[in-house]
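entry26.cif follows (mmCIF, C-alpha atoms):
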```cif
data_final
loop_
_atom_site.label_atom_id
_atom_site.label_comp_id
_atom_site.auth_asym_id
_atom_site.auth_seq_id
_atom_site.Cartn_x
_atom_site.Cartn_y
_atom_site.Cartn_z
CA MET A 15 5.92 20.47 9.51
CA LEU A 16 9.53 19.44 9.17
CA ARG A 17 10.27 21.37 12.32
CA ASN A 18 13.60 21.03 14.07
CA VAL A 19 15.09 19.20 11.17
CA SER A 20 17.34 21.86 9.78
CA THR A 21 18.93 22.38 13.18
CA TYR A 22 19.60 18.70 13.72
CA ASP A 23 23.32 18.04 13.84
CA PRO A 24 24.03 14.33 13.66
CA GLU A 25 27.47 14.58 15.32
CA GLU A 26 26.20 16.61 18.22
CA ALA A 27 23.10 14.51 18.66
CA SER A 28 25.07 11.30 18.72
CA LEU A 29 27.25 12.63 21.54
CA ALA A 30 24.37 13.99 23.50
CA ILE A 31 22.11 10.99 23.21
CA GLY A 32 24.68 8.23 22.82
CA SER A 33 26.36 9.08 26.10
CA ARG A 34 23.29 8.82 28.26
CA THR A 35 21.52 5.86 26.73
CA PRO A 36 22.69 2.46 27.87
CA VAL A 37 23.96 0.32 25.04
CA THR A 38 21.91 -2.81 24.77
CA LYS A 39 23.41 -6.05 23.66
CA SER A 40 22.05 -6.43 20.20
CA LEU A 41 22.77 -2.84 19.31
CA LYS A 42 26.40 -3.02 20.37
CA GLY A 43 27.83 -5.47 17.86
CA THR A 44 28.49 -3.12 15.00
CA SER A 45 30.73 -0.14 15.34
CA PRO A 46 28.77 2.95 14.41
CA ARG A 47 30.18 4.56 11.32
CA MET A 48 29.65 8.25 11.73
CA THR A 49 28.99 9.82 8.40
CA LYS A 50 28.28 13.49 8.60
CA ALA A 51 25.06 14.26 6.77
CA LYS A 52 25.73 16.38 3.73
CA PRO A 53 24.19 19.82 3.88
CA VAL A 54 21.23 19.87 1.54
CA SER A 55 18.73 22.53 0.67
CA ASP A 56 15.80 20.26 1.48
CA PRO A 57 15.55 19.58 5.21
CA SER A 58 13.55 16.36 4.79
CA ALA A 59 16.63 14.80 3.15
CA ASP A 60 18.08 14.68 6.69
CA TRP A 61 15.54 12.00 7.57
CA VAL A 62 16.81 10.00 4.62
CA ALA A 63 20.35 10.32 6.02
CA CYS A 64 19.09 9.19 9.44
CA VAL A 65 17.45 6.06 8.03
CA GLU A 66 20.59 5.41 6.00
CA ARG A 67 22.66 5.53 9.21
CA VAL A 68 20.24 3.24 11.03
CA LYS A 69 20.53 0.84 8.11
CA ARG A 70 24.31 0.94 7.66
CA ALA A 71 25.50 1.36 11.25
CA GLN A 72 22.55 0.68 13.58
CA ASP A 73 23.13 4.30 14.60
CA ARG A 74 21.11 4.98 17.73
CA ALA A 75 21.51 8.74 17.65
CA ALA A 76 19.98 8.84 14.20
CA PHE A 77 17.23 6.52 15.39
CA ARG A 78 16.58 8.78 18.36
CA ALA A 79 16.16 11.78 16.07
CA LEU A 80 13.68 9.84 13.92
CA PHE A 81 11.90 8.63 17.04
CA ASP A 82 11.57 12.09 18.57
CA HIS A 83 9.98 13.43 15.41
CA PHE A 84 7.85 10.54 14.19
CA ALA A 85 6.80 8.56 17.30
CA PRO A 86 4.54 11.30 18.72
CA ARG A 87 2.99 11.80 15.27
CA VAL A 88 2.38 8.10 14.76
CA LYS A 89 0.79 7.99 18.21
CA ALA A 90 -1.47 10.95 17.41
CA TYR A 91 -2.39 9.36 14.07
CA LEU A 92 -3.38 6.11 15.78
CA ILE A 93 -5.46 7.94 18.38
CA LYS A 94 -7.22 9.93 15.68
CA SER A 95 -7.88 6.62 13.93
CA GLY A 96 -9.64 5.25 17.00
CA ALA A 97 -6.97 3.67 19.20
CA ASP A 98 -6.99 4.30 22.95
CA MET A 99 -3.89 5.65 24.69
CA ALA A 100 -2.43 2.29 25.73
CA LEU A 101 -2.98 0.66 22.34
CA ALA A 102 -1.56 3.69 20.54
CA GLU A 103 1.59 3.60 22.69
CA GLU A 104 2.03 -0.13 22.16
CA CYS A 105 1.43 0.19 18.44
CA THR A 106 3.77 3.18 18.06
CA GLN A 107 6.62 1.30 19.71
CA ASP A 108 5.96 -1.47 17.27
CA VAL A 109 5.99 0.89 14.28
CA MET A 110 9.27 2.45 15.40
CA ALA A 111 10.82 -0.98 15.99
CA THR A 112 9.75 -1.92 12.46
CA LEU A 113 11.47 1.22 11.17
CA TRP A 114 14.68 0.03 12.83
CA HIS A 115 14.42 -3.54 11.55
CA LYS A 116 13.29 -2.68 8.04
CA ALA A 117 15.55 0.31 7.39
CA HIS A 118 17.22 -1.69 4.61
CA LEU A 119 13.91 -1.83 2.72
CA PHE A 120 13.41 1.95 2.63
CA ASP A 121 13.72 3.28 -0.94
CA PRO A 122 14.31 7.06 -0.95
CA SER A 123 13.75 7.23 -4.71
CA ARG A 124 10.12 6.23 -4.19
CA ALA A 125 9.14 7.62 -0.78
CA SER A 126 10.03 10.23 1.79
CA VAL A 127 10.67 8.93 5.31
CA ALA A 128 7.34 10.43 6.45
CA THR A 129 5.59 8.49 3.67
CA TRP A 130 7.37 5.29 4.58
CA VAL A 131 6.58 5.68 8.29
CA TYR A 132 2.97 6.45 7.33
CA THR A 133 2.66 3.17 5.40
CA ILE A 134 4.09 1.17 8.32
CA ALA A 135 1.70 2.90 10.76
CA ARG A 136 -1.28 2.45 8.43
CA ASN A 137 -0.62 -1.27 8.02
CA ARG A 138 -0.31 -1.65 11.77
CA ARG A 139 -3.60 0.23 12.20
CA ILE A 140 -5.40 -2.12 9.78
CA ASP A 141 -3.90 -5.10 11.54
CA ILE A 142 -4.66 -3.99 15.10
CA LEU A 143 -7.75 -1.78 14.83
CA ARG A 144 -9.55 -3.34 11.88
CA LYS A 145 -8.24 -6.84 12.56
CA GLN A 146 -7.65 -7.47 8.88
CA ARG A 147 -4.67 -8.51 6.84
CA ARG A 148 -3.17 -5.92 4.56
CA PRO A 149 -2.34 -7.24 1.09
CA GLU A 150 0.71 -5.40 -0.28
CA PRO A 151 2.00 -5.44 -3.86
CA GLU A 152 4.96 -7.60 -4.79
CA ASP A 153 8.24 -6.36 -3.27
CA LEU A 154 10.55 -4.52 -5.62
CA ALA A 155 13.97 -3.88 -4.17
CA TRP A 156 17.16 -2.48 -5.59
CA GLY A 157 19.78 -5.20 -5.77
CA PRO A 158 23.33 -4.59 -4.53
CA GLU A 159 24.52 -3.98 -8.09
CA ALA A 160 21.99 -1.25 -8.82
CA GLU A 161 21.03 1.61 -6.55
CA PRO A 162 18.82 4.62 -7.19
CA GLU A 163 20.56 7.70 -8.60
CA PRO A 164 21.25 10.48 -6.07
CA ASP A 165 19.41 13.09 -8.15
CA GLU A 166 16.32 10.87 -8.27
CA ILE A 167 16.38 10.71 -4.49
CA VAL A 168 16.83 14.47 -4.05
CA GLY A 169 14.07 15.16 -6.59
CA LEU A 170 11.56 12.84 -4.94
CA GLN A 171 12.39 14.16 -1.46
CA GLN A 172 12.00 17.77 -2.60
CA ASP A 173 8.69 17.03 -4.31
CA SER A 174 7.42 15.36 -1.14
CA ALA A 175 8.41 18.39 0.92
CA ARG A 176 6.63 20.65 -1.58
CA LEU A 177 3.54 18.49 -1.29
CA GLY A 178 3.60 19.08 2.46
CA GLU A 179 3.78 22.82 1.86
CA ALA A 180 0.96 22.65 -0.68
CA MET A 181 -1.16 20.79 1.82
CA ALA A 182 -0.52 23.40 4.50
CA SER A 183 -1.75 26.09 2.13
CA LEU A 184 -4.97 24.32 1.12
CA PRO A 185 -8.24 25.83 2.29
CA ARG A 186 -8.96 24.48 5.74
CA LYS A 187 -12.09 22.56 4.73
CA GLN A 188 -10.32 20.74 1.96
CA ARG A 189 -7.36 19.88 4.16
CA GLU A 190 -9.70 18.51 6.81
CA LEU A 191 -11.41 16.31 4.26
CA ILE A 192 -8.09 14.79 3.21
CA GLU A 193 -7.15 14.23 6.84
CA LYS A 194 -10.49 12.56 7.51
CA ALA A 195 -9.87 10.16 4.64
CA TYR A 196 -6.46 9.21 6.02
CA PHE A 197 -7.65 8.88 9.61
CA GLY A 198 -10.19 6.34 8.37
CA GLU A 199 -13.14 8.60 9.14
CA LEU A 200 -14.51 8.26 5.61
CA SER A 201 -15.63 4.99 4.10
CA HIS A 202 -14.02 4.00 0.82
CA SER A 203 -17.10 4.98 -1.15
CA GLU A 204 -17.03 8.48 0.37
CA ILE A 205 -13.44 9.17 -0.58
CA ALA A 206 -12.93 11.66 -3.37
CA ALA A 207 -9.46 11.37 -4.84
CA GLU A 208 -9.43 14.92 -6.20
CA THR A 209 -7.22 16.46 -3.55
CA GLY A 210 -6.24 19.68 -5.27
CA LEU A 211 -2.66 18.73 -4.51
CA PRO A 212 0.09 18.70 -7.15
CA LEU A 213 0.63 14.94 -7.40
CA GLY A 214 1.61 14.80 -11.08
CA THR A 215 5.35 15.29 -10.67
CA ILE A 216 5.55 12.83 -7.79
CA LYS A 217 3.67 10.22 -9.81
CA SER A 218 6.00 10.57 -12.76
CA ARG A 219 9.10 10.50 -10.55
CA ILE A 220 7.95 7.31 -8.85
CA ARG A 221 7.07 5.86 -12.23
CA LEU A 222 10.58 6.59 -13.51
CA ALA A 223 12.10 4.95 -10.43
CA LEU A 224 9.91 1.89 -11.02
CA ASP A 225 10.98 1.73 -14.67
CA ARG A 226 14.65 1.84 -13.68
CA LEU A 227 14.06 -0.72 -10.97
CA ARG A 228 12.31 -3.11 -13.35
CA HIS A 229 15.17 -2.67 -15.78
CA ALA A 230 17.75 -3.33 -13.05
CA MET A 231 15.90 -6.48 -11.98
CA LYS A 232 16.01 -8.05 -15.43
CA MET B 19 -28.76 2.59 -16.74
CA THR B 20 -25.75 0.56 -17.58
CA GLN B 21 -22.45 2.08 -16.71
CA THR B 22 -19.09 0.58 -16.10
CA GLN B 23 -16.31 2.75 -14.84
CA THR B 24 -12.88 2.10 -16.13
CA HIS B 25 -9.94 4.33 -16.49
CA GLN B 26 -8.66 3.74 -19.94
CA HIS B 27 -5.22 4.99 -20.78
CA LEU B 28 -3.60 4.63 -24.15
CA ALA B 29 -1.18 1.78 -23.94
CA PRO B 30 0.57 -0.50 -26.40
CA PRO B 31 -1.01 -3.92 -26.92
CA GLY B 32 -0.18 -6.47 -24.26
CA GLN B 33 -0.18 -3.85 -21.52
CA VAL B 34 -2.81 -3.01 -18.99
CA THR B 35 -5.50 -0.76 -20.46
CA HIS B 36 -8.23 -0.88 -17.81
CA HIS B 37 -6.90 0.63 -14.60
CA LEU B 38 -8.11 1.24 -11.07
CA THR B 39 -9.91 4.51 -10.33
CA PRO B 40 -8.19 7.27 -8.33
CA GLU B 41 -10.85 6.80 -5.64
CA LEU B 42 -9.98 3.14 -5.15
CA LEU B 43 -6.25 3.86 -5.15
CA MET B 44 -6.63 6.61 -2.57
CA ALA B 45 -8.90 4.45 -0.39
CA TYR B 46 -6.29 1.66 -0.61
CA SER B 47 -3.61 4.13 0.43
CA ALA B 48 -5.76 5.47 3.26
CA GLY B 49 -6.37 1.91 4.40
CA THR B 50 -10.16 2.04 4.30
CA LEU B 51 -10.97 -0.63 1.70
CA PRO B 52 -12.46 -3.98 2.69
CA GLU B 53 -9.74 -6.63 2.69
CA ALA B 54 -11.08 -8.39 -0.44
CA PHE B 55 -10.86 -5.11 -2.41
CA SER B 56 -7.36 -4.44 -1.08
CA LEU B 57 -6.36 -7.87 -2.34
CA VAL B 58 -7.54 -7.01 -5.87
CA VAL B 59 -5.75 -3.65 -5.69
CA ALA B 60 -2.47 -5.16 -4.40
CA THR B 61 -2.60 -7.85 -7.08
CA HIS B 62 -3.25 -5.27 -9.81
CA LEU B 63 -0.41 -3.06 -8.51
CA SER B 64 1.93 -6.04 -8.76
CA ILE B 65 1.22 -6.11 -12.51
CA CYS B 66 0.62 -2.41 -13.28
CA ASP B 67 3.42 0.08 -12.51
CA SER B 68 1.28 3.00 -13.60
CA CYS B 69 -1.27 2.41 -10.84
CA ARG B 70 1.54 1.49 -8.47
CA ALA B 71 3.05 4.94 -8.95
CA ASP B 72 -0.40 6.51 -8.48
CA ALA B 73 -0.95 4.58 -5.25
CA ALA B 74 2.51 5.60 -4.02
CA SER B 75 1.67 9.25 -4.67
CA TYR B 76 -1.42 8.86 -2.47
CA ASP B 77 0.87 7.36 0.16
CA THR B 78 2.87 10.59 -0.13
CA VAL B 79 -0.28 12.49 0.79
CA GLY B 80 -0.60 10.16 3.79
CA GLY B 81 3.01 10.98 4.68
CA ALA B 82 2.22 14.69 4.50
CA VAL B 83 -0.84 14.19 6.73
CA LEU B 84 1.25 12.27 9.25
CA ASP B 85 4.00 14.87 9.21
CA SER B 86 1.58 17.72 9.84
CA ILE B 87 -0.29 16.13 12.75
CA SER B 88 0.19 18.11 15.91
CA PRO B 89 1.99 15.64 18.18
CA ASP B 90 -0.23 16.35 21.16
CA ALA B 91 -0.79 12.78 22.27
CA GLY B 92 2.30 12.93 24.42
CA ALA B 93 5.72 11.39 24.23
CA CYS B 94 6.47 7.77 23.57
CA ASP B 95 8.67 5.48 25.57
CA PHE B 96 12.02 5.38 23.78
CA GLU B 97 13.66 2.92 26.17
CA ALA B 98 10.73 0.53 25.86
CA THR B 99 11.06 0.74 22.09
CA LEU B 100 14.77 -0.09 22.29
CA ALA B 101 13.93 -3.05 24.53
CA ARG B 102 11.40 -4.16 21.94
CA ILE B 103 14.03 -3.95 19.20
CA THR B 104 16.43 -6.02 21.26
CA SER B 105 13.92 -8.65 22.29
CA SER B 106 12.30 -9.10 18.88
CA PRO B 107 15.11 -9.32 16.37
CA ALA B 108 14.33 -8.65 12.73
CA GLN B 109 12.41 -11.41 11.05
CA PRO B 110 14.64 -12.61 8.25
CA ALA B 111 13.05 -11.51 4.99
CA THR B 112 11.37 -14.55 3.57
CA ALA B 113 11.18 -13.62 -0.08
CA GLN B 114 8.83 -16.25 -1.42
CA PRO B 115 9.68 -17.30 -4.94
CA LEU B 116 6.74 -16.68 -7.24
CA PRO B 117 4.74 -19.87 -7.60
CA ASP B 118 4.04 -19.39 -11.32
CA ASP B 119 3.60 -16.71 -14.01
CA VAL B 120 -0.09 -16.21 -13.27
CA ILE B 121 -0.42 -15.59 -9.51
CA PRO B 122 1.36 -12.47 -8.11
CA SER B 123 2.70 -12.74 -4.57
CA PRO B 124 -0.07 -10.93 -2.61
CA LEU B 125 -2.59 -13.36 -4.09
CA ALA B 126 -0.31 -16.36 -3.56
CA ALA B 127 -0.37 -15.55 0.17
CA TYR B 128 -4.16 -15.97 0.18
CA ILE B 129 -4.16 -19.12 -1.94
CA GLY B 130 -1.29 -20.66 -0.05
CA GLY B 131 0.64 -21.18 -3.28
CA GLY B 132 0.12 -20.89 -7.02
CA LEU B 133 -2.59 -22.06 -9.40
CA ASP B 134 -1.87 -25.68 -8.48
CA ALA B 135 -2.89 -24.99 -4.88
CA VAL B 136 -6.31 -23.48 -5.69
CA LYS B 137 -9.19 -25.54 -4.33
CA TRP B 138 -11.70 -25.08 -7.14
CA LYS B 139 -15.38 -25.83 -6.75
CA LYS B 140 -17.66 -26.36 -9.73
CA VAL B 141 -20.33 -23.73 -10.15
CA GLY B 142 -21.88 -25.08 -13.35
CA GLY B 143 -21.37 -24.65 -17.08
CA GLY B 144 -17.69 -25.52 -16.70
CA VAL B 145 -17.19 -22.44 -14.52
CA ARG B 146 -15.27 -23.00 -11.28
CA GLN B 147 -14.63 -20.74 -8.33
CA ALA B 148 -12.63 -20.62 -5.12
CA ILE B 149 -13.54 -18.29 -2.27
CA LEU B 150 -10.48 -16.77 -0.59
CA PRO B 151 -10.28 -16.14 3.15
CA THR B 152 -10.78 -12.40 3.80
CA SER B 153 -12.71 -10.30 6.29
CA SER B 154 -16.45 -10.59 5.88
CA ASP B 155 -17.18 -7.02 4.71
CA ALA B 156 -16.53 -8.17 1.14
CA THR B 157 -15.83 -11.42 -0.68
CA ALA B 158 -12.85 -12.34 -2.84
CA ARG B 159 -13.02 -15.27 -5.22
CA LEU B 160 -11.03 -16.77 -8.02
CA LEU B 161 -13.07 -17.58 -11.12
CA TYR B 162 -12.12 -20.11 -13.76
CA ILE B 163 -13.99 -19.66 -17.02
CA PRO B 164 -13.28 -22.11 -19.84
CA ALA B 165 -12.27 -20.45 -23.11
CA GLY B 166 -15.28 -19.43 -25.17
CA THR B 167 -17.70 -19.67 -22.24
CA ALA B 168 -20.09 -16.93 -21.19
CA VAL B 169 -19.94 -15.92 -17.55
CA PRO B 170 -23.48 -15.98 -16.29
CA ASP B 171 -25.38 -12.73 -16.70
CA HIS B 172 -25.40 -11.06 -13.32
CA GLY B 173 -26.18 -7.81 -11.61
CA HIS B 174 -24.77 -6.40 -8.39
CA ARG B 175 -26.03 -4.73 -5.32
CA GLY B 176 -22.65 -3.21 -4.54
CA THR B 177 -19.37 -2.83 -6.36
CA GLU B 178 -17.61 -5.63 -8.19
CA LEU B 179 -13.94 -5.57 -9.15
CA THR B 180 -12.80 -8.19 -11.63
CA LEU B 181 -9.07 -8.53 -12.37
CA VAL B 182 -7.94 -10.78 -15.22
CA LEU B 183 -4.97 -13.01 -14.42
CA GLN B 184 -4.96 -15.28 -17.46
CA GLY B 185 -6.77 -15.34 -20.80
CA ALA B 186 -9.20 -12.53 -21.61
CA PHE B 187 -12.87 -11.73 -21.62
CA SER B 188 -15.02 -9.22 -23.44
CA ASP B 189 -18.31 -7.66 -22.60
CA GLU B 190 -20.41 -4.66 -23.56
CA ASP B 191 -17.66 -2.35 -22.30
CA GLY B 192 -14.56 -3.73 -23.93
CA ARG B 193 -11.86 -6.33 -23.84
CA TYR B 194 -10.09 -7.29 -20.63
CA ALA B 195 -6.78 -9.19 -20.60
CA ARG B 196 -4.14 -9.93 -17.95
CA GLY B 197 -3.83 -7.03 -15.51
CA ASP B 198 -7.04 -5.31 -16.64
CA VAL B 199 -9.64 -4.52 -14.00
CA GLU B 200 -13.33 -4.12 -14.65
CA ILE B 201 -15.12 -2.00 -12.10
CA ALA B 202 -18.84 -2.63 -12.20
CA ASP B 203 -21.16 -0.62 -10.04
CA GLU B 204 -24.67 -1.18 -8.94
CA ASP B 205 -27.25 -1.70 -11.71
CA VAL B 206 -24.75 -3.11 -14.16
CA ASP B 207 -25.99 -6.19 -15.93
CA HIS B 208 -23.29 -7.56 -18.11
CA THR B 209 -22.42 -10.80 -19.82
CA PRO B 210 -18.68 -11.28 -20.04
CA ILE B 211 -17.55 -13.93 -22.52
CA ALA B 212 -14.17 -15.61 -22.16
CA GLU B 213 -12.16 -15.48 -25.38
CA THR B 214 -11.31 -18.63 -27.22
CA GLY B 215 -7.72 -19.71 -26.69
CA ALA B 216 -6.59 -19.81 -23.09
CA ASP B 217 -9.07 -20.46 -20.28
CA CYS B 218 -9.79 -17.28 -18.37
CA ILE B 219 -8.82 -16.90 -14.71
CA CYS B 220 -9.97 -13.84 -12.78
CA LEU B 221 -9.80 -12.52 -9.25
CA ALA B 222 -13.11 -10.88 -8.32
CA ALA B 223 -14.20 -8.97 -5.24
CA THR B 224 -17.74 -8.01 -4.35
CA ASP B 225 -19.06 -6.11 -1.37
CA ALA B 226 -22.56 -7.57 -1.74
CA PRO B 227 -23.82 -10.88 -3.11
CA LEU B 228 -24.20 -11.12 -6.89
CA ARG B 229 -27.67 -11.51 -8.37
CA PHE B 230 -27.71 -14.02 -11.16
CA ALA B 231 -30.39 -13.60 -13.76
CA GLY B 232 -31.69 -16.88 -15.00
CA TRP B 233 -28.42 -18.77 -15.11
CA LEU B 234 -28.35 -20.21 -11.62
CA PRO B 235 -31.57 -20.71 -9.70
CA ARG B 236 -31.59 -17.95 -7.11
CA MET B 237 -32.39 -20.45 -4.36
CA LEU B 238 -29.03 -22.14 -4.91
CA GLN B 239 -27.03 -18.99 -4.27
CA PRO B 240 -26.57 -19.51 -0.52
CA PHE B 241 -25.13 -22.95 -1.18
CA VAL B 242 -22.54 -22.02 -3.78
CA LYS B 243 -21.73 -18.79 -1.90
CA ILE B 244 -21.84 -16.54 -4.93
#
```
Go through the file and emit its structure as structure tokens.
Amino acid sequence: MLRNVSTYDPEEASLAIGSRTPVTKSLKGTSPRMTKAKPVSDPSADWVACVERVKRAQDRAAFRALFDHFAPRVKAYLIKSGADMALAEECTQDVMATLWHKAHLFDPSRASVATWVYTIARNRRIDILRKQRRPEPEDLAWGPEAEPEPDEIVGLQQDSARLGEAMASLPRKQRELIEKAYFGELSHSEIAAETGLPLGTIKSRIRLALDRLRHAMK
Amino acid sequence: MTQTQTHQHLAPPGQVTHHLTPELLMAYSAGTLPEAFSLVVATHLSICDSCRADAASYDTVGGAVLDSISPDAGACDFEATLARITSSPAQPATAQPLPDDVIPSPLAAYIGGGLDAVKWKKVGGGVRQAILPTSSDATARLLYIPAGTAVPDHGHRGTELTLVLQGAFSDEDGRYARGDVEIADEDVDHTPIAETGADCICLAATDAPLRFAGWLPRMLQPFVKI
């Protein structure tokens, strides 16, 4: 998990990928603003920087890095959830296109990029495989005058990374049960929410972000 | 045996006290609930930040599952994805203004507007209902119960979620006001009574037909779709 991330150099990647990918019309309009990702102790924060660059500068190198990591995982997730190869490919392209278009809606004080991509993929799965609508709670978005605090973002991202580590160290049976639930292999009445994972700090961090957001929206 | 599950947290008056269970929140996050149940959950989350944070933490588990999948299904077509981005430009965000103070946005999408747009049908005793269009594995309905009226005594074959949107009701298990959810399992027979004051409006989801005891002739059930 989180492989290859710490070695990802945005400057280098943008040269390498940007030079060999043709620039399509709609992606050309804005001049990419190259902001070097700050070195951080938590590698998953690099994904946050990538989404930020997709959002601010339609940065294709950053998008490519996100694509190379997440697209194969989204595809595997959809196949495990019952999609055939062709549908999974189609659906994954759709999920990644949504990531591009909705980058401005990503809130790093409430979700890691993996979590955000998961929710997009899950909603697509319900739509395509279960042929149902997915009711989502009311949108809450930070206005231009209020943005999440940097330390809230770092904290949430680090907690999410720790959750990934905790999951990797769960007994195999327990981990498989959680995976089954998320691949839709368990019915809702079979799902046991006691995961054995340390969710308390994440819950309270998200709650704090929501409180600040509600306050900012007043 | 009569048992109603609720997750009661201590909260100041006027706030949500009856919450969703961790199981329902995780199933919502995993995407395995019937659509009618998801609608109740999404509507509750729009009112209750505590459950919203809980649901988001289960999404984080989903993110960790996604991140740890071995990507063995093969590569994806990057160029085709770029072409898709170019050919289907972002849909401009259509932030719908909230129709009123009662109906949160996920529910408004199913009604096609606010309270004014609900197509109520009389059920009897002043009670009205409106079935909402969801997948057939469970049923979602809005219930309108005049203040001071008893909701007919009923049992369930499956699970029933009842979310209060306006007014309040009480039954054997407590008092339920705006944002509160009652989760009634099989074998629960209860008689909720709407409080005097405001008429009570609830969103209810059931995964099996209700069984009414004595209030509505059982033979009428297919016709009123309860």
Atom CA of Ala212 of chain B to atom CA of Asp189 of chain B, straight-line distance in Å: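 Distance reported for this atom pair: 9.0 Å.
Restricting the calculation to all atoms listed in the file, the smallest distance between chain B and any of A:Met99, A:Ala207, A:Ala75, A:Ala135 is found for A:Ala207.
All chain A residues having an atom within 6 Å of chain B, based on all atoms listed in the file, amount to Met15, Ser40, Pro86, Arg87, Ala90, Gln107, Ala111, His115, Ala128, Thr129, Tyr132, Pro149, Glu150, Pro151, Glu152, Gly178, Tyr196, Gly198, His202, Ala206, Ala207, Lys217, Ile220 and Arg221 of chain A.
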Spatial neighbours of segment 141-143 of chain A, 10 Å, only C-alpha atoms, chain gap at least 3 places, as a ChimeraX atom specification: /A:92,95-97,101-102,105,135-138,146-148
Test item: which residues lie within 12 Å of (15.9, 6.5, 5.7) counting all atoms listed in the file, as a PyMOL selection string: chain A and resi 58-70+72-73+76-77+79-80+113-131+167+171
Would you mind exporting C-alpha atoms of the selected residues as a PDB file, in the coordinates of the input?
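Just written: out.pdb:
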```
ATOM      1  CA  SER A  58      13.550  16.360   4.790  1.00  0.00           C
ATOM      2  CA  ALA A  59      16.630  14.800   3.150  1.00  0.00           C
ATOM      3  CA  ASP A  60      18.080  14.680   6.690  1.00  0.00           C
ATOM      4  CA  TRP A  61      15.540  12.000   7.570  1.00  0.00           C
ATOM      5  CA  VAL A  62      16.810  10.000   4.620  1.00  0.00           C
ATOM      6  CA  ALA A  63      20.350  10.320   6.020  1.00  0.00           C
ATOM      7  CA  CYS A  64      19.090   9.190   9.440  1.00  0.00           C
ATOM      8  CA  VAL A  65      17.450   6.060   8.030  1.00  0.00           C
ATOM      9  CA  GLU A  66      20.590   5.410   6.000  1.00  0.00           C
ATOM     10  CA  ARG A  67      22.660   5.530   9.210  1.00  0.00           C
ATOM     11  CA  VAL A  68      20.240   3.240  11.030  1.00  0.00           C
ATOM     12  CA  LYS A  69      20.530   0.840   8.110  1.00  0.00           C
ATOM     13  CA  ARG A  70      24.310   0.940   7.660  1.00  0.00           C
ATOM     14  CA  GLN A  72      22.550   0.680  13.580  1.00  0.00           C
ATOM     15  CA  ASP A  73      23.130   4.300  14.600  1.00  0.00           C
ATOM     16  CA  ALA A  76      19.980   8.840  14.200  1.00  0.00           C
ATOM     17  CA  PHE A  77      17.230   6.520  15.390  1.00  0.00           C
ATOM     18  CA  ALA A  79      16.160  11.780  16.070  1.00  0.00           C
ATOM     19  CA  LEU A  80      13.680   9.840  13.920  1.00  0.00           C
ATOM     20  CA  LEU A 113      11.470   1.220  11.170  1.00  0.00           C
ATOM     21  CA  TRP A 114      14.680   0.030  12.830  1.00  0.00           C
ATOM     22  CA  HIS A 115      14.420  -3.540  11.550  1.00  0.00           C
ATOM     23  CA  LYS A 116      13.290  -2.680   8.040  1.00  0.00           C
ATOM     24  CA  ALA A 117      15.550   0.310   7.390  1.00  0.00           C
ATOM     25  CA  HIS A 118      17.220  -1.690   4.610  1.00  0.00           C
ATOM     26  CA  LEU A 119      13.910  -1.830   2.720  1.00  0.00           C
ATOM     27  CA  PHE A 120      13.410   1.950   2.630  1.00  0.00           C
ATOM     28  CA  ASP A 121      13.720   3.280  -0.940  1.00  0.00           C
ATOM     29  CA  PRO A 122      14.310   7.060  -0.950  1.00  0.00           C
ATOM     30  CA  SER A 123      13.750   7.230  -4.710  1.00  0.00           C
ATOM     31  CA  ARG A 124      10.120   6.230  -4.190  1.00  0.00           C
ATOM     32  CA  ALA A 125       9.140   7.620  -0.780  1.00  0.00           C
ATOM     33  CA  SER A 126      10.030  10.230   1.790  1.00  0.00           C
ATOM     34  CA  VAL A 127      10.670   8.930   5.310  1.00  0.00           C
ATOM     35  CA  ALA A 128       7.340  10.430   6.450  1.00  0.00           C
ATOM     36  CA  THR A 129       5.590   8.490   3.670  1.00  0.00           C
ATOM     37  CA  TRP A 130       7.370   5.290   4.580  1.00  0.00           C
ATOM     38  CA  VAL A 131       6.580   5.680   8.290  1.00  0.00           C
ATOM     39  CA  ILE A 167      16.380  10.710  -4.490  1.00  0.00           C
ATOM     40  CA  GLN A 171      12.390  14.160  -1.460  1.00  0.00           C
TER      41      GLN A 171
END
```
Explicit residue set for the PyMOL selection byres ((chain B and resi 183) around 10), as a ChimeraX atom specification: /B:61-62,65,119-122,160-161,180-182,184-186,194-199,218-221
Six-sided padding of 5 Å per side, axis-aligned box over segment 102-112 of chain A, centre and edges in Å, one decimal, as AutoDock Vina command-line options:
```
--center_x 4.6 --center_y 0.9 --center_z 17.6 --size_x 22.4 --size_y 15.6 --size_z 20.2
```
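The space between atom CA of Leu170 of chain A and atom CA of Ala223 of chain A spans 9.6 Å.
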A:Lys94, A:Arg228, A:Arg219, A:Arg176 ranked by distance to Lys194 of chain A, top pick (using only C-alpha atoms):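 Closest to Lys194 of chain A, using only C-alpha atoms: A:Lys94.
Minimum atom-to-atom distances from A:His229, A:Glu204, A:Lys89, A:Gln188 to Ala155 of chain A were compared using all atoms listed in the file, and the lowest value belongs to A:His229.
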A:Phe81, A:Glu103, A:Arg74, A:Lys145 ranked by distance to Asp155 of chain B, top pick (using only C-alpha atoms): A:Lys145
Residue nearest Gly210 of chain A - candidates A:Glu193, A:Ser174, A:Pro185, A:Met231, atoms counted: all atoms listed in the file: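 Nearest to Gly210 of chain A: A:Pro185.
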Atomic distance atom CA of Ala168 of chain B - atom CA of Lys139 of chain B, expressed in Å with one decimal: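 Computed distance, atom CA of Ala168 of chain B to atom CA of Lys139 of chain B, equals 17.6 Å.
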Among listed residues B:Leu38, B:Ala222, B:Val169, B:Ala216, nearest Ala148 of chain B (using only C-alpha atoms): B:Ala222
